[in-house]
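Student: Structure supplied as query.txt; contents: compact mmCIF, C-alpha atoms and all ligand atoms.
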# COMPACT_ATOMS: atom_id res chain seq x y z
CA MET B 1 0.47 -0.30 18.99
CA PRO B 2 -0.16 -1.90 15.62
CA MET B 3 2.64 -4.02 14.18
CA VAL B 4 3.25 -3.56 10.48
CA ILE B 5 5.01 -6.30 8.55
CA PHE B 6 6.03 -5.18 5.08
CA HIS B 7 7.45 -7.41 2.37
CA LYS B 8 9.30 -5.99 -0.62
CA ASP B 9 11.92 -7.39 -2.98
CA GLY B 10 12.21 -10.61 -1.00
CA GLN B 11 12.89 -8.82 2.26
CA THR B 12 10.69 -8.43 5.31
CA HIS B 13 10.58 -5.24 7.32
CA ARG B 14 8.60 -4.76 10.50
CA ASP B 15 7.95 -2.08 13.05
CA GLU B 16 5.29 -0.79 15.38
CA VAL B 17 3.37 2.33 14.43
CA GLN B 18 0.93 4.61 16.21
CA GLU B 19 -2.76 3.87 15.86
CA ARG B 20 -4.43 5.46 12.87
CA THR B 21 -1.15 5.68 11.01
CA ASN B 22 -0.97 6.29 7.30
CA LEU B 23 2.09 4.49 5.97
CA VAL B 24 2.59 6.89 3.06
CA VAL B 25 2.52 9.86 5.41
CA ARG B 26 5.10 8.10 7.60
CA ALA B 27 7.29 7.31 4.62
CA GLY B 28 7.02 10.96 3.62
CA ILE B 29 8.68 11.98 6.87
CA ARG B 30 11.26 9.23 6.43
CA LYS B 31 9.95 6.84 9.02
CA PHE B 32 9.25 3.14 8.54
CA PRO B 33 8.30 1.83 6.01
CA PHE B 34 10.63 4.39 4.40
CA PRO B 35 12.65 3.81 2.26
CA HIS B 36 11.04 0.55 1.19
CA LEU B 37 7.49 1.69 0.45
CA ARG B 38 6.99 2.99 -3.07
CA TYR B 39 4.51 5.84 -3.32
CA SER B 40 4.08 9.07 -5.22
CA CYS B 41 0.97 11.24 -5.04
CA GLY B 42 -0.32 10.29 -1.59
CA MET B 43 -3.83 11.04 -2.83
CA GLY B 44 -5.07 7.85 -4.42
CA LYS B 45 -4.36 9.07 -7.94
CA CYS B 46 -1.26 7.24 -9.13
CA GLY B 47 -1.46 3.67 -7.83
CA ALA B 48 2.24 3.61 -6.96
CA CYS B 49 1.56 2.66 -3.32
CA ALA B 50 -0.51 -0.43 -4.17
CA CYS B 51 0.17 -3.26 -1.72
CA ARG B 52 -1.30 -6.71 -1.32
CA VAL B 53 -2.76 -7.30 2.11
CA ILE B 54 -1.55 -10.65 3.43
CA ALA B 55 -3.03 -10.47 6.93
CA GLY B 56 -5.14 -8.05 8.91
CA GLY B 57 -7.32 -6.93 6.04
CA GLU B 58 -10.45 -7.72 8.04
CA HIS B 59 -9.77 -4.64 10.14
CA LEU B 60 -9.64 -2.29 7.17
CA PRO B 61 -12.62 -0.34 5.89
CA ASP B 62 -14.00 -1.21 2.49
CA PRO B 63 -12.03 0.24 -0.43
CA ASN B 64 -12.96 3.80 -1.26
CA TRP B 65 -13.75 5.07 -4.74
CA LYS B 66 -10.13 6.01 -5.42
CA GLU B 67 -8.98 2.48 -4.65
CA LYS B 68 -11.72 1.03 -6.82
CA ARG B 69 -10.73 3.29 -9.69
CA GLN B 70 -6.99 2.64 -9.40
CA LEU B 71 -6.99 -1.04 -8.54
CA GLY B 72 -9.97 -2.47 -10.40
CA ASP B 73 -9.63 -6.25 -10.57
CA ARG B 74 -6.62 -6.16 -8.26
CA LEU B 75 -8.95 -5.40 -5.35
CA ALA B 76 -10.19 -8.97 -5.57
CA GLN B 77 -6.58 -10.13 -5.28
CA GLY B 78 -6.24 -8.27 -1.98
CA TYR B 79 -4.54 -5.11 -3.19
CA ARG B 80 -5.14 -1.80 -1.46
CA LEU B 81 -3.67 1.68 -1.79
CA ALA B 82 -1.46 2.31 1.24
CA CYS B 83 -2.05 6.05 0.98
CA GLN B 84 -5.77 5.50 1.53
CA LEU B 85 -5.38 3.34 4.64
CA TRP B 86 -5.16 4.36 8.26
CA VAL B 87 -3.70 1.46 10.19
CA SER B 88 -5.11 0.73 13.63
CA HIS B 89 -4.47 -3.01 13.86
CA ASP B 90 -1.66 -5.37 13.05
CA ILE B 91 -1.25 -5.72 9.31
CA GLU B 92 0.98 -7.58 6.89
CA LEU B 93 1.50 -6.14 3.43
CA ALA B 94 3.52 -6.96 0.36
CA GLN B 95 4.43 -4.54 -2.37
CA ASP B 96 5.41 -5.86 -5.76
CA SER B 97 8.88 -5.02 -6.97
CA GLU B 98 9.08 -2.53 -9.83
CA SER B 99 9.23 -5.22 -12.50
CA GLN B 100 6.10 -6.93 -11.15
CA THR B 101 3.98 -3.81 -11.30
CA GLU B 102 3.97 -3.72 -15.07
CA GLN B 103 0.95 -5.76 -15.98
CA PRO B 104 0.47 -6.15 -19.73
CA GLY B 105 -2.91 -4.90 -20.75
CA ALA B 106 -3.63 -3.41 -17.35
CA GLU B 107 -5.16 0.02 -17.34
CA ARG B 108 -2.73 2.48 -15.86
CA SER B 109 -3.66 6.09 -15.60
CA GLY B 110 -1.35 8.70 -14.19
CA ALA B 111 1.16 6.15 -12.99
CA ALA B 112 4.22 7.48 -11.24
CA ALA B 113 7.31 7.78 -13.35
S1 LIG V 1 0.64 7.27 -3.53
FE1 LIG V 1 -0.48 7.63 -5.36
S2 LIG V 1 -2.18 6.33 -5.13
FE2 LIG V 1 -1.16 6.10 -3.24
Would you encode the structure as structure tokens?
Tutor:
Amino acid sequence: MPMVIFHKDGQTHRDEVQERTNLVVRAGIRKFPFPHLRYSCGMGKCGACACRVIAGGEHLPDPNWKEKRQLGDRLAQGYRLACQLWVSHDIELAQDSESQTEQPGAERSGAAA
């Protein structure tokens, strides 16, 4: 089973998940990475679930159009939308703390409150 390592607010959380797991769906039913993973819409519209892929990104499919629209230049920095990913291999992710997500001048449309 894939091992997910998730960094947030200086802490590291890890657990195994089933293959083809969506981490936002899991968090929605209060399973790891709940309650650490921030998300909102679950549909690629808000950008709240953006995470930086630290390891394992080579197993992920290319970003879809929702990720391209939401993340823009952040894609090149390794960010992906967790709600758009189905995890089938080990992966290590980091999600910025709330204060780090505010990027001056960054385009933010429909961001979660
Ligand atoms: S939860 Fe809204 S874009 Fe992923």
Student: Check the smallest atom-to-atom distance from each of B:Ala55, B:Ala50, B:Leu75, B:Leu37 to ligand LIG 1 (chain V) using only C-alpha atoms and all ligand atoms, then report the winner.
Tutor: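 Ranked by minimum distance to ligand LIG 1 (chain V), first place goes to B:Ala50.
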Student: Would you compute the box with edges along x, y and z of the file around region 80-99 of chain B, including every atom the file lists for it and 5 Å extra on each side, and give its centre and edge lengths in Å to one decimal, as lines of an AutoDock Vina configuration file?
Tutor:
center_x = 1.7
center_y = -0.8
center_z = 0.7
size_x = 25.0
size_y = 23.6
size_z = 36.4
Student: Mind listing the residues within 6 Å of ligand LIG 1 (chain V), all atoms listed in the file counted, as a VMD selection string?
Tutor: chain B and resid 39 to 49 81 to 83
Student: Looking at all atoms listed in the file, which of B:Leu23, B:Leu60, B:Leu71, B:Ala76 is the one that sits closest to Phe6 (chain B)?
Tutor: B:Leu23
Student: Between B:Val25, B:Leu85, B:Leu93, B:Met3, which has the minimum distance to Asp62 (chain B) (counting only C-alpha atoms)?
Tutor: B:Leu85
Student: So, with only C-alpha atoms as the atoms that count, which of B:Asp96, B:Gln18, B:Cys51, B:His13 lies closest to Pro33 (chain B)?
Tutor: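 That would be B:His13, the residue with the smallest distance to Pro33 (chain B).
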Student: Just how far from CA of Val17 (chain B) is CA of Asn64 (chain B), in Å to one decimal?
Tutor: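 About the pair CA of Asn64 (chain B) and CA of Val17 (chain B): they are 22.7 Å apart.
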Student: Given only C-alpha atoms as the basis, pick out the residue of B:Arg52, B:His59, B:Arg30, B:Arg69 nearest to Ser88 (chain B).
Tutor: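 Selected residue with least distance to Ser88 (chain B): B:His59.
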Student: Set the distance at 7 Å and use all atoms listed in the file: which residues neighbour Asp90 (chain B) once local chain neighbours fewer than 4 positions away are removed? I'd like the list as an MDAnalysis selection string.
Tutor: chainID B and resid 2:4 56
Student: Residues as selected, C-alpha atoms, written as a PDB file, keeping the file's coordinate frame, can you do that?
Tutor:
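So again_24.pdb came out as:
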ATOM      1  CA  PRO B   2      -0.160  -1.900  15.620  1.00  0.00           C
ATOM      2  CA  MET B   3       2.640  -4.020  14.180  1.00  0.00           C
ATOM      3  CA  VAL B   4       3.250  -3.560  10.480  1.00  0.00           C
ATOM      4  CA  GLY B  56      -5.140  -8.050   8.910  1.00  0.00           C
TER       5      GLY B  56
END
Student: Record the distance separating CA of Glu92 (chain B) and CA of Trp65 (chain B), expressed in Å with one decimal.
Tutor: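 Separation between CA of Glu92 (chain B) and CA of Trp65 (chain B): 22.6 Å.
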Student: Just the number, please: distance in Å from CA of Ser97 (chain B) to CA of Arg26 (chain B), one decimal.
Tutor: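 It comes out at 20.0 Å.
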Student: I need every residue sitting at most 8 Å from the point (-5.7, 5.6, 8.7) (coordinates as in the file, only C-alpha atoms considered), written as a PDB file with C-alpha atoms, keeping the file's coordinate frame.
Tutor:
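Now in out-v5.pdb:
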ATOM      1  CA  GLU B  19      -2.760   3.870  15.860  1.00  0.00           C
ATOM      2  CA  ARG B  20      -4.430   5.460  12.870  1.00  0.00           C
ATOM      3  CA  THR B  21      -1.150   5.680  11.010  1.00  0.00           C
ATOM      4  CA  ASN B  22      -0.970   6.290   7.300  1.00  0.00           C
ATOM      5  CA  GLN B  84      -5.770   5.500   1.530  1.00  0.00           C
ATOM      6  CA  LEU B  85      -5.380   3.340   4.640  1.00  0.00           C
ATOM      7  CA  TRP B  86      -5.160   4.360   8.260  1.00  0.00           C
ATOM      8  CA  VAL B  87      -3.700   1.460  10.190  1.00  0.00           C
ATOM      9  CA  SER B  88      -5.110   0.730  13.630  1.00  0.00           C
TER      10      SER B  88
END
Student: Between B:Lys31, B:Gly10, B:Arg80, B:Arg74, which residue has the minimum interatomic distance to Gly57 (chain B), considering only C-alpha atoms?
Tutor: B:Arg80
